[in-house]
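Contents: one structure, followed by commentary.
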Amino acid sequence: MSLRVISGIAKGRKLKSVPGDTTRPVMDRVKEALFNILAGDVIDSIWWDLFGGTGAIGIEAISRGASFVRFTDLNRAPVETIKENVEHCGFAKQVEIRRGDAFSLLAAKADKQFEYIYIAPPQYKQMWSTALKLVDDNMGWLTEDGTVIAQIDPTEYEDVELKNLVEGEQRKYGSTLLVFYDRL
């Protein structure tokens, strides 16, 4: 599957895939749908692409006008791939790329606030709900009008008990489910 930037200033740029099968690149139609839902809210927004993978979501956000994206991933191969893709698109000045464990990072004291935290971890391990609960416990990461977006397989979906976030809407695209969570 060839990855590319769909829209914005880097439209049409091809993105490298992460070697091996440790990541699951987002399908173009899911990415397109996500950014159609968010529309103009992406302009000047600040993102955290938590399980960065190829960086496709964060790069798409910058291409469409986001001002900053933090990419994090646990493994070296995705981190290197994100660096190459960001450089290729000319976005190095608008990003921060960190290698680290998503759960440890989320549990730490917030050093920045994000309008969007995008959670798309490896599937079938309930990592998404663990990450979501960590954001819920540490709301310093999210701006007042911030949104957490989980990208999961529909079979993984479950109601998650939350204190500070509430599920907004769900959108299903084939074997991908996007779930949006907003502050209470």
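Following the order of the structure tokens, chains are lettered A, B, ..., residues in each are numbered from 1, and ligands are numbered from 1.
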Residues within 10 Å of Thr155 in chain A, only C-alpha atoms, excluding chain neighbours under 6 positions, as a PyMOL selection string: chain A and resi 123-124+175-177
Selection file, C-alpha atoms, as a short mmCIF file (atom, residue, chain, number, x, y, z; two decimals), in the first residue's frame:
```cif
data_model
loop_
_atom_site.label_atom_id
_atom_site.label_comp_id
_atom_site.auth_asym_id
_atom_site.auth_seq_id
_atom_site.Cartn_x
_atom_site.Cartn_y
_atom_site.Cartn_z
CA GLN A 123 -4.53 -3.64 17.56
CA TYR A 124 -6.14 -6.23 19.79
CA SER A 175 -12.37 -2.46 9.71
CA THR A 176 -11.51 0.90 11.26
CA LEU A 177 -13.47 2.73 13.93
#
```
Within 8 Å of Arg99 in chain A using only C-alpha atoms, minus same-chain residues under 4 positions, as an MDAnalysis selection string: chainID A and resid 72:76 79
Could you write those residues out with C-alpha atoms, as a PDB file, in the first residue's frame?
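Result written to again-v6.pdb:
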```pdb
ATOM      1  CA  THR A  72       6.000   9.604  19.735  1.00  0.00           C
ATOM      2  CA  ASP A  73       6.694   5.937  19.193  1.00  0.00           C
ATOM      3  CA  LEU A  74       8.359   3.254  21.282  1.00  0.00           C
ATOM      4  CA  ASN A  75      10.455   1.695  18.538  1.00  0.00           C
ATOM      5  CA  ARG A  76      13.424   2.998  16.592  1.00  0.00           C
ATOM      6  CA  VAL A  79      10.859   7.051  14.845  1.00  0.00           C
TER       7      VAL A  79
END
```
Glu87 in chain A surroundings by only C-alpha atoms, 12 Å radius, close-in-sequence under 2 positions cut, as a PDB file with N, CA and C atoms, in the first residue's frame:
```pdb
ATOM      1  N   ALA A  10       1.425  19.779   1.344  1.00  0.00           N
ATOM      2  CA  ALA A  10       2.292  18.658   0.936  1.00  0.00           C
ATOM      3  C   ALA A  10       1.511  17.618   0.134  1.00  0.00           C
ATOM      4  N   ARG A  13       2.645  14.108  -1.747  1.00  0.00           N
ATOM      5  CA  ARG A  13       3.947  13.599  -1.306  1.00  0.00           C
ATOM      6  C   ARG A  13       3.801  12.160  -0.848  1.00  0.00           C
ATOM      7  N   LYS A  14       4.690  11.303  -1.309  1.00  0.00           N
ATOM      8  CA  LYS A  14       4.677   9.913  -0.875  1.00  0.00           C
ATOM      9  C   LYS A  14       5.395   9.788   0.461  1.00  0.00           C
ATOM     10  N   LEU A  15       4.868   8.934   1.317  1.00  0.00           N
ATOM     11  CA  LEU A  15       5.453   8.693   2.629  1.00  0.00           C
ATOM     12  C   LEU A  15       6.012   7.281   2.682  1.00  0.00           C
ATOM     13  N   LYS A  16       7.147   7.136   3.336  1.00  0.00           N
ATOM     14  CA  LYS A  16       7.752   5.819   3.505  1.00  0.00           C
ATOM     15  C   LYS A  16       6.970   5.020   4.538  1.00  0.00           C
ATOM     16  N   GLY A  55       3.870   8.416  10.816  1.00  0.00           N
ATOM     17  CA  GLY A  55       3.668   9.856  10.969  1.00  0.00           C
ATOM     18  C   GLY A  55       2.570  10.393  10.066  1.00  0.00           C
ATOM     19  N   ILE A  59       1.480  14.335   9.903  1.00  0.00           N
ATOM     20  CA  ILE A  59       1.938  15.016   8.681  1.00  0.00           C
ATOM     21  C   ILE A  59       0.747  15.566   7.907  1.00  0.00           C
ATOM     22  N   GLU A  80      12.547   6.635  13.132  1.00  0.00           N
ATOM     23  CA  GLU A  80      13.377   6.973  11.962  1.00  0.00           C
ATOM     24  C   GLU A  80      12.510   7.249  10.732  1.00  0.00           C
ATOM     25  N   THR A  81      11.454   6.445  10.555  1.00  0.00           N
ATOM     26  CA  THR A  81      10.542   6.635   9.417  1.00  0.00           C
ATOM     27  C   THR A  81       9.832   7.975   9.514  1.00  0.00           C
ATOM     28  N   ILE A  82       9.370   8.328  10.720  1.00  0.00           N
ATOM     29  CA  ILE A  82       8.710   9.626  10.917  1.00  0.00           C
ATOM     30  C   ILE A  82       9.674  10.752  10.559  1.00  0.00           C
ATOM     31  N   LYS A  83      10.915  10.657  11.056  1.00  0.00           N
ATOM     32  CA  LYS A  83      11.916  11.705  10.750  1.00  0.00           C
ATOM     33  C   LYS A  83      12.081  11.870   9.244  1.00  0.00           C
ATOM     34  N   GLU A  84      12.216  10.752   8.527  1.00  0.00           N
ATOM     35  CA  GLU A  84      12.398  10.823   7.064  1.00  0.00           C
ATOM     36  C   GLU A  84      11.170  11.426   6.387  1.00  0.00           C
ATOM     37  N   ASN A  85       9.975  11.003   6.802  1.00  0.00           N
ATOM     38  CA  ASN A  85       8.749  11.516   6.184  1.00  0.00           C
ATOM     39  C   ASN A  85       8.543  13.003   6.470  1.00  0.00           C
ATOM     40  N   CYS A  89       8.622  16.072   3.606  1.00  0.00           N
ATOM     41  CA  CYS A  89       7.514  17.008   3.416  1.00  0.00           C
ATOM     42  C   CYS A  89       7.877  18.444   3.801  1.00  0.00           C
ATOM     43  N   GLY A  90       9.082  18.630   4.356  1.00  0.00           N
ATOM     44  CA  GLY A  90       9.531  19.971   4.710  1.00  0.00           C
ATOM     45  C   GLY A  90       8.926  20.524   5.982  1.00  0.00           C
ATOM     46  N   PHE A  91       8.568  19.653   6.931  1.00  0.00           N
ATOM     47  CA  PHE A  91       7.873  20.091   8.138  1.00  0.00           C
ATOM     48  C   PHE A  91       8.737  20.008   9.404  1.00  0.00           C
ATOM     49  N   ALA A  92      10.036  19.858   9.268  1.00  0.00           N
ATOM     50  CA  ALA A  92      10.908  19.636  10.429  1.00  0.00           C
ATOM     51  C   ALA A  92      10.780  20.716  11.504  1.00  0.00           C
ATOM     52  N   LYS A  93      10.518  21.959  11.116  1.00  0.00           N
ATOM     53  CA  LYS A  93      10.451  23.053  12.089  1.00  0.00           C
ATOM     54  C   LYS A  93       9.154  23.036  12.905  1.00  0.00           C
ATOM     55  N   GLN A  94       8.171  22.269  12.460  1.00  0.00           N
ATOM     56  CA  GLN A  94       6.864  22.277  13.128  1.00  0.00           C
ATOM     57  C   GLN A  94       6.597  21.018  13.947  1.00  0.00           C
ATOM     58  N   VAL A  95       7.624  20.193  14.112  1.00  0.00           N
ATOM     59  CA  VAL A  95       7.392  18.939  14.813  1.00  0.00           C
ATOM     60  C   VAL A  95       8.420  18.694  15.901  1.00  0.00           C
ATOM     61  N   GLU A  96       8.046  17.794  16.786  1.00  0.00           N
ATOM     62  CA  GLU A  96       8.950  17.257  17.781  1.00  0.00           C
ATOM     63  C   GLU A  96       8.758  15.741  17.703  1.00  0.00           C
ATOM     64  N   ILE A  97       9.848  15.015  17.615  1.00  0.00           N
ATOM     65  CA  ILE A  97       9.770  13.556  17.509  1.00  0.00           C
ATOM     66  C   ILE A  97      10.489  12.962  18.713  1.00  0.00           C
TER      67      ILE A  97
END
```
Atom-to-atom span, CA of Ile37 in chain A and CA of Ala61 in chain A, Å: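 Between these atoms lies a distance of 12.5 Å.
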Per DSSP on the backbone, what are the strand (DSSP E or B) residues of range 9-157 of chain A, as a JSON list (two decimals) with N, CA and C atoms, in the first residue's frame?
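Generated output (part.json):
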```json
[["chain", "number", "residue", "atom", "x", "y", "z"],
["A", 14, "LYS", "N", 4.69, 11.30, -1.31],
["A", 14, "LYS", "CA", 4.68, 9.91, -0.87],
["A", 14, "LYS", "C", 5.40, 9.79, 0.46],
["A", 15, "LEU", "N", 4.87, 8.93, 1.32],
["A", 15, "LEU", "CA", 5.45, 8.69, 2.63],
["A", 15, "LEU", "C", 6.01, 7.28, 2.68],
["A", 46, "ILE", "N", -2.72, 22.13, 17.60],
["A", 46, "ILE", "CA", -1.55, 21.45, 18.12],
["A", 46, "ILE", "C", -1.93, 19.99, 18.38],
["A", 47, "TRP", "N", -1.14, 19.06, 17.83],
["A", 47, "TRP", "CA", -1.46, 17.63, 17.85],
["A", 47, "TRP", "C", -0.39, 16.83, 18.57],
["A", 48, "TRP", "N", -0.84, 15.69, 19.12],
["A", 48, "TRP", "CA", 0.08, 14.66, 19.60],
["A", 48, "TRP", "C", -0.33, 13.37, 18.92],
["A", 49, "ASP", "N", 0.52, 12.90, 18.01],
["A", 49, "ASP", "CA", 0.33, 11.62, 17.32],
["A", 49, "ASP", "C", 1.05, 10.59, 18.19],
["A", 68, "PHE", "N", 1.64, 22.61, 14.94],
["A", 68, "PHE", "CA", 2.66, 21.81, 15.61],
["A", 68, "PHE", "C", 2.15, 20.39, 15.83],
["A", 69, "VAL", "N", 3.05, 19.41, 15.67],
["A", 69, "VAL", "CA", 2.73, 18.02, 16.00],
["A", 69, "VAL", "C", 3.88, 17.41, 16.78],
["A", 70, "ARG", "N", 3.54, 16.75, 17.88],
["A", 70, "ARG", "CA", 4.50, 15.90, 18.59],
["A", 70, "ARG", "C", 4.23, 14.46, 18.15],
["A", 71, "PHE", "N", 5.26, 13.81, 17.67],
["A", 71, "PHE", "CA", 5.17, 12.39, 17.32],
["A", 71, "PHE", "C", 5.90, 11.59, 18.38],
["A", 72, "THR", "N", 5.29, 10.50, 18.84],
["A", 72, "THR", "CA", 6.00, 9.60, 19.74],
["A", 72, "THR", "C", 5.79, 8.17, 19.27],
["A", 73, "ASP", "N", 6.80, 7.37, 19.46],
["A", 73, "ASP", "CA", 6.69, 5.94, 19.19],
["A", 73, "ASP", "C", 7.75, 5.23, 20.03],
["A", 95, "VAL", "N", 7.62, 20.19, 14.11],
["A", 95, "VAL", "CA", 7.39, 18.94, 14.81],
["A", 95, "VAL", "C", 8.42, 18.69, 15.90],
["A", 96, "GLU", "N", 8.05, 17.79, 16.79],
["A", 96, "GLU", "CA", 8.95, 17.26, 17.78],
["A", 96, "GLU", "C", 8.76, 15.74, 17.70],
["A", 97, "ILE", "N", 9.85, 15.01, 17.62],
["A", 97, "ILE", "CA", 9.77, 13.56, 17.51],
["A", 97, "ILE", "C", 10.49, 12.96, 18.71],
["A", 98, "ARG", "N", 9.76, 12.16, 19.48],
["A", 98, "ARG", "CA", 10.33, 11.55, 20.68],
["A", 98, "ARG", "C", 10.17, 10.04, 20.62],
["A", 99, "ARG", "N", 11.21, 9.34, 21.05],
["A", 99, "ARG", "CA", 11.09, 7.90, 21.20],
["A", 99, "ARG", "C", 10.78, 7.64, 22.67],
["A", 114, "PHE", "N", -2.48, 19.97, 24.11],
["A", 114, "PHE", "CA", -2.81, 19.62, 22.73],
["A", 114, "PHE", "C", -4.30, 19.75, 22.48],
["A", 115, "GLU", "N", -4.63, 20.24, 21.28],
["A", 115, "GLU", "CA", -6.04, 20.26, 20.87],
["A", 115, "GLU", "C", -6.49, 18.86, 20.48],
["A", 116, "TYR", "N", -5.57, 18.10, 19.90],
["A", 116, "TYR", "CA", -5.90, 16.74, 19.46],
["A", 116, "TYR", "C", -4.83, 15.77, 19.92],
["A", 117, "ILE", "N", -5.27, 14.70, 20.56],
["A", 117, "ILE", "CA", -4.38, 13.58, 20.87],
["A", 117, "ILE", "C", -4.93, 12.39, 20.08],
["A", 118, "TYR", "N", -4.10, 11.89, 19.17],
["A", 118, "TYR", "CA", -4.53, 10.81, 18.28],
["A", 118, "TYR", "C", -3.93, 9.50, 18.78],
["A", 119, "ILE", "N", -4.79, 8.55, 19.11],
["A", 119, "ILE", "CA", -4.38, 7.26, 19.67],
["A", 119, "ILE", "C", -4.68, 6.17, 18.65],
["A", 142, "LEU", "N", -4.54, 18.10, 27.66],
["A", 142, "LEU", "CA", -5.58, 18.49, 26.70],
["A", 142, "LEU", "C", -6.03, 19.93, 26.93],
["A", 143, "THR", "N", -6.16, 20.70, 25.86],
["A", 143, "THR", "CA", -6.68, 22.06, 25.98],
["A", 143, "THR", "C", -8.14, 21.99, 26.43],
["A", 144, "GLU", "N", -8.69, 23.15, 26.80],
["A", 144, "GLU", "CA", -10.09, 23.21, 27.27],
["A", 144, "GLU", "C", -11.07, 22.62, 26.25],
["A", 145, "ASP", "N", -10.80, 22.87, 24.97],
["A", 145, "ASP", "CA", -11.70, 22.37, 23.94],
["A", 145, "ASP", "C", -11.07, 21.20, 23.18],
["A", 146, "GLY", "N", -10.12, 20.52, 23.83],
["A", 146, "GLY", "CA", -9.38, 19.44, 23.18],
["A", 146, "GLY", "C", -10.20, 18.18, 22.96],
["A", 147, "THR", "N", -9.73, 17.36, 22.03],
["A", 147, "THR", "CA", -10.39, 16.11, 21.65],
["A", 147, "THR", "C", -9.36, 14.99, 21.59],
["A", 148, "VAL", "N", -9.75, 13.84, 22.12],
["A", 148, "VAL", "CA", -8.94, 12.63, 21.98],
["A", 148, "VAL", "C", -9.62, 11.78, 20.91],
["A", 149, "ILE", "N", -8.85, 11.31, 19.94],
["A", 149, "ILE", "CA", -9.40, 10.48, 18.87],
["A", 149, "ILE", "C", -8.72, 9.12, 18.92],
["A", 150, "ALA", "N", -9.52, 8.07, 19.06],
["A", 150, "ALA", "CA", -8.99, 6.71, 19.06],
["A", 150, "ALA", "C", -9.32, 6.05, 17.73],
["A", 151, "GLN", "N", -8.29, 5.45, 17.12],
["A", 151, "GLN", "CA", -8.47, 4.70, 15.87],
["A", 151, "GLN", "C", -8.26, 3.23, 16.22],
["A", 152, "ILE", "N", -9.34, 2.46, 16.16],
["A", 152, "ILE", "CA", -9.27, 1.06, 16.59],
["A", 152, "ILE", "C", -10.03, 0.14, 15.63]]
```
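You can rank A:Trp141, A:Phe35, A:Tyr181, A:Trp128 by their closest distance to Gln113 in chain A using only C-alpha atoms, and at the top of that list sits A:Trp141.
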Using only C-alpha atoms, which protein or nucleic acid residues come within 12 Å of Lys109 in chain A? Drop anything in the same chain fewer than 6 positions from it, and give the result as a PDB file with C-alpha atoms, in the first residue's frame.
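Below you can see around_11.pdb, which holds the result:
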```pdb
ATOM      1  CA  LEU A 134      -4.213   7.908  31.159  1.00  0.00           C
ATOM      2  CA  VAL A 135      -5.301  11.072  29.329  1.00  0.00           C
ATOM      3  CA  ASP A 137      -6.377  10.876  34.592  1.00  0.00           C
ATOM      4  CA  ASN A 138      -3.950  13.560  33.397  1.00  0.00           C
ATOM      5  CA  MET A 139      -6.086  16.232  31.726  1.00  0.00           C
ATOM      6  CA  GLY A 140      -3.199  18.704  31.695  1.00  0.00           C
ATOM      7  CA  TRP A 141      -2.317  17.289  28.271  1.00  0.00           C
TER       8      TRP A 141
END
```
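One distance worth recording is that between CA of Ser45 in chain A and CA of Asp153 in chain A, which is 26.3 Å.
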Nearest residue to Ser7 in chain A from the set A:Ala77, A:Leu50, A:Leu178, A:Ala33 (distances using only C-alpha atoms):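 For Ser7 in chain A, the nearest of the candidates is A:Ala33.
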DSSP-assigned helix (DSSP H, G or I) among range 37-157 of chain A, expressed as a PyMOL selection string: chain A and resi 37-42+56-63+76-89+92-94+102-107+127-137+139-141+154-156
